[in-house]
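Written out below as structure tokens is the structure these notes cover.
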Amino acid sequence: MRNLLNRLAWVTCIGMFLVLVMGTLVTKTDSGRGCGNEWPLCHGKFVPDHTLASVIEYSHRFVTGIEGFLVLGVFIIVCLRFKRRDAIFYASSALFFTIVQAVLGALAVVWPQSAAVLALHFGFSLLAFVSTLLLALILRNHTLGEQAGIENAANKVSRGLRNLIWFTWAYCYVVVYIGAFVRHTKSSGGCSGWPLCNGQWIPDLSAGATRIVFIHRLAAMLLFILIALIVYKVKRNRLGTKIYNTAILTFSLVLLQVLSGAFVTFSLTTDWYLTAGLVHALIIACLFGALSYLVVLARQRN
């Protein structure tokens, strides 16, 4: 049963990742109104006409619905058969955030929302994905016979480093929200060029799009510095292979995130813009997932 649950948890995690990808595709292609203002029907039908916008929007709804049943199934099995507090917590979180993001998605269709509210939709979807990822990792570690997946290392994570990791995790979520706000306000073109913004280190911020993008760039730069500092402290304190490798993975992903942000800027007027936007969103999902696991490792090593 545990091996089956482990496989089901990974399928659920992959499915939630797919929901994130499709949600980004809906935003980037302006397909959010592809089914009009109807939900769960699409233009009055269960199977809509095959316009591109309606297919993208309805496919996203369909996959989200399937994923909802998977999350519910994993939650029930974990509560009935596994009974570990951390596993139940992540399964409950996955179910809660899946419901919240689905409700927000439905409300956004029926009653058009502001960009500030729409950005929350991606944020809650990301929390649902991270919850399924952490659950799958816990089940995998348990199957392999590891207690919470933590090495039996002598060195413990200091309170200062734990606080830094927690702060960086929370701050990363803020950066994600600002990035989603950039997408929903269609502000990506506010800064031409990279790393300069409109040819300047500090551009004229009177234009709303420029101000939003520039704030996002500054926020991303600080996130890069924070994660680099975490890697330095983890290496200096010799905390073991697992936590060190996770820190290195997190740093690699934040570096890729910075580069993918530049890719988005350079592709603004090309056919690569949609691909660049999808890659940017996928990397931030992986980054937030790795950073979340780092939080778990640090908390269990106190």
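Within each chain, counting starts at residue 1; across the structure tokens, chains are named A, B, ... in the order shown, with ligands numbered 1 upward in that order.
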DSSP-assigned alpha helix (DSSP H) among region 124-221 of chain A, expressed as an NGL selection string: :A and (124-143 or 159-184 or 208-221)
Per residue of region 259-292 of chain A within 9 Å of region 116-134 of chain A, which atom pair is closest and at what distance in Å (one decimal), using only C-alpha atoms, listed by chain and increasing number, as a tab-separated table?
```
residue	atom	partner	partner_atom	distance
A:Ala285	CA	A:Leu126	CA	6.5
A:Cys286	CA	A:Val130	CA	8.9
A:Phe288	CA	A:Val130	CA	7.5
A:Gly289	CA	A:Val130	CA	5.3
A:Ala290	CA	A:Val130	CA	8.8
A:Ser292	CA	A:Val130	CA	7.2
```
Produce a file of the selected residues containing all heavy atoms, as a PDB file, in the first residue's frame.
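Result written to out-v5.pdb:
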```
ATOM      1  N   ALA A 285       8.598  27.741 -10.088  1.00  0.00           N
ATOM      2  CA  ALA A 285       7.906  26.677  -9.368  1.00  0.00           C
ATOM      3  C   ALA A 285       8.921  25.684  -8.783  1.00  0.00           C
ATOM      4  O   ALA A 285       8.815  25.275  -7.618  1.00  0.00           O
ATOM      5  CB  ALA A 285       6.932  25.958 -10.297  1.00  0.00           C
ATOM      6  N   CYS A 286       9.911  25.309  -9.582  1.00  0.00           N
ATOM      7  CA  CYS A 286      10.952  24.393  -9.100  1.00  0.00           C
ATOM      8  C   CYS A 286      11.772  25.045  -7.997  1.00  0.00           C
ATOM      9  O   CYS A 286      12.122  24.392  -6.996  1.00  0.00           O
ATOM     10  CB  CYS A 286      11.862  23.985 -10.259  1.00  0.00           C
ATOM     11  SG  CYS A 286      11.051  23.007 -11.539  1.00  0.00           S
ATOM     12  N   PHE A 288      10.829  27.441  -5.848  1.00  0.00           N
ATOM     13  CA  PHE A 288      10.056  27.512  -4.617  1.00  0.00           C
ATOM     14  C   PHE A 288       9.914  26.125  -3.975  1.00  0.00           C
ATOM     15  O   PHE A 288       9.913  26.000  -2.753  1.00  0.00           O
ATOM     16  CB  PHE A 288       8.674  28.108  -4.909  1.00  0.00           C
ATOM     17  CG  PHE A 288       7.923  28.515  -3.669  1.00  0.00           C
ATOM     18  CD1 PHE A 288       8.347  29.588  -2.904  1.00  0.00           C
ATOM     19  CD2 PHE A 288       6.787  27.822  -3.285  1.00  0.00           C
ATOM     20  CE1 PHE A 288       7.654  29.965  -1.765  1.00  0.00           C
ATOM     21  CE2 PHE A 288       6.082  28.188  -2.150  1.00  0.00           C
ATOM     22  CZ  PHE A 288       6.518  29.269  -1.387  1.00  0.00           C
ATOM     23  N   GLY A 289       9.828  25.093  -4.809  1.00  0.00           N
ATOM     24  CA  GLY A 289       9.769  23.734  -4.285  1.00  0.00           C
ATOM     25  C   GLY A 289      11.056  23.341  -3.580  1.00  0.00           C
ATOM     26  O   GLY A 289      11.029  22.772  -2.480  1.00  0.00           O
ATOM     27  N   ALA A 290      12.202  23.639  -4.196  1.00  0.00           N
ATOM     28  CA  ALA A 290      13.494  23.318  -3.579  1.00  0.00           C
ATOM     29  C   ALA A 290      13.699  24.104  -2.298  1.00  0.00           C
ATOM     30  O   ALA A 290      14.193  23.568  -1.295  1.00  0.00           O
ATOM     31  CB  ALA A 290      14.620  23.618  -4.570  1.00  0.00           C
ATOM     32  N   SER A 292      11.356  25.212  -0.354  1.00  0.00           N
ATOM     33  CA  SER A 292      10.438  24.658   0.648  1.00  0.00           C
ATOM     34  C   SER A 292      11.029  23.405   1.298  1.00  0.00           C
ATOM     35  O   SER A 292      10.914  23.203   2.510  1.00  0.00           O
ATOM     36  CB  SER A 292       9.090  24.331  -0.003  1.00  0.00           C
ATOM     37  OG  SER A 292       8.477  25.491  -0.532  1.00  0.00           O
TER      38      SER A 292
END
```
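Excluding Ser92 (chain A) itself and same-chain residues fewer than 5 positions from it, the residues having an atom within 9 Å of it are Leu72, Phe75, Ala87, Phe97 and Ser131 of chain A, counting only C-alpha atoms.
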In terms of only C-alpha atoms, the residue from A:Leu135, A:Ala219, A:Cys191, A:Cys42 at minimal distance from Val264 (chain A) is A:Cys191
I want to know what sits within 7 Å of region 11-19 of chain A, based on only C-alpha atoms, with residues of the same chain fewer than 4 positions away left out; could you give that as an mmCIF file with N, CA and C atoms, in the first residue's frame?
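The result, stored in result-v3.cif:
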```
data_model
loop_
_atom_site.group_PDB
_atom_site.id
_atom_site.type_symbol
_atom_site.label_atom_id
_atom_site.label_comp_id
_atom_site.auth_asym_id
_atom_site.auth_seq_id
_atom_site.Cartn_x
_atom_site.Cartn_y
_atom_site.Cartn_z
ATOM 1 N N ARG A 7 3.724 6.162 -5.277
ATOM 2 C CA ARG A 7 3.589 6.415 -6.717
ATOM 3 C C ARG A 7 2.430 7.379 -6.996
ATOM 4 N N GLY A 23 -1.957 26.912 -16.354
ATOM 5 C CA GLY A 23 -2.444 28.195 -15.872
ATOM 6 C C GLY A 23 -1.633 29.346 -16.425
ATOM 7 N N HIS A 60 -7.395 23.455 -19.308
ATOM 8 C CA HIS A 60 -6.908 23.792 -17.966
ATOM 9 C C HIS A 60 -7.938 23.403 -16.909
ATOM 10 N N VAL A 63 -7.979 19.418 -16.609
ATOM 11 C CA VAL A 63 -6.833 18.874 -15.881
ATOM 12 C C VAL A 63 -6.922 19.225 -14.394
ATOM 13 N N THR A 64 -7.350 20.452 -14.092
ATOM 14 C CA THR A 64 -7.498 20.853 -12.694
ATOM 15 C C THR A 64 -8.528 19.984 -11.994
ATOM 16 N N GLU A 67 -6.990 16.609 -11.316
ATOM 17 C CA GLU A 67 -6.013 16.772 -10.249
ATOM 18 C C GLU A 67 -6.706 16.901 -8.893
ATOM 19 N N LEU A 70 -7.432 13.491 -7.645
ATOM 20 C CA LEU A 70 -6.194 12.836 -7.211
ATOM 21 C C LEU A 70 -5.771 13.332 -5.827
ATOM 22 N N VAL A 71 -5.818 14.659 -5.627
ATOM 23 C CA VAL A 71 -5.439 15.235 -4.339
ATOM 24 C C VAL A 71 -6.363 14.722 -3.240
ATOM 25 N N PHE A 129 1.096 22.977 -5.293
ATOM 26 C CA PHE A 129 2.162 22.162 -5.883
ATOM 27 C C PHE A 129 3.219 21.807 -4.857
ATOM 28 N N THR A 132 2.087 19.066 -2.488
ATOM 29 C CA THR A 132 2.148 17.723 -3.071
ATOM 30 C C THR A 132 3.590 17.254 -3.214
ATOM 31 N N LEU A 133 4.507 18.175 -3.518
ATOM 32 C CA LEU A 133 5.921 17.821 -3.645
ATOM 33 C C LEU A 133 6.499 17.362 -2.312
#
```
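We find CA of Ile88 (chain A) and CA of Ala170 (chain A) to be spaced 22.1 Å apart.
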Pick from A:Ala262, A:Leu255, A:Leu161, A:Ala180 nearest to Val295 (chain A), counting only C-alpha atoms: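 Distance minimum relative to Val295 (chain A) lands on A:Leu161.
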Considering only C-alpha atoms, return as a PyMOL selection string whatever protein or nucleic-acid residues lie within 12 Å of Ala247 (chain A), sequence-local ones (same chain, fewer than 2 positions apart) excluded. chain A and resi 165+226-235+239-245+249-254+287-295+297-298
My list of candidates is A:Val182, A:Leu256, A:Ile225, A:Val213. Which is closest to Ala115 (chain A) when distances are computed with only C-alpha atoms? A:Val182
Neighbour list for Ala276 (chain A) as an MDAnalysis selection string, cut-off 7 Å, only C-alpha atoms, skip fewer than 2 positions in-chain: chainID A and resid 260 263:264 272:274 278:280
Export of the given selection (C-alpha atoms) as a PDB file, in the first residue's frame:
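Now in out_26.pdb:
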```pdb
ATOM      1  CA  SER A 260      15.180  33.207 -17.826  1.00  0.00           C
ATOM      2  CA  PHE A 263      15.279  35.712 -21.818  1.00  0.00           C
ATOM      3  CA  VAL A 264      11.736  37.042 -21.317  1.00  0.00           C
ATOM      4  CA  TRP A 272       9.921  33.148 -28.413  1.00  0.00           C
ATOM      5  CA  TYR A 273       8.011  35.304 -25.909  1.00  0.00           C
ATOM      6  CA  LEU A 274       5.435  32.632 -24.990  1.00  0.00           C
ATOM      7  CA  LEU A 278       6.486  29.460 -19.667  1.00  0.00           C
ATOM      8  CA  VAL A 279      10.116  28.614 -18.868  1.00  0.00           C
ATOM      9  CA  HIS A 280      10.271  31.506 -16.404  1.00  0.00           C
TER      10      HIS A 280
END
```
Given only C-alpha atoms as the basis, pick out the residue of A:Leu137, A:Leu196, A:Leu223, A:Leu104 nearest to Val296 (chain A).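 Among the listed residues, A:Leu137 lies closest to Val296 (chain A).
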Test item: residues at most 10 Å from Gly277 (chain A), only C-alpha atoms, excluding those fewer than 6 positions along its chain, as a PyMOL selection string: chain A and resi 24-25+27-28+183+188+260-261+263-265+267-268
Quick one: of A:Thr98, A:Gly190, A:Leu205, A:Lys83, who's nearest to Gly65 (chain A), counting only C-alpha atoms?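 Using only C-alpha atoms, Gly65 (chain A) sits closest to A:Thr98.
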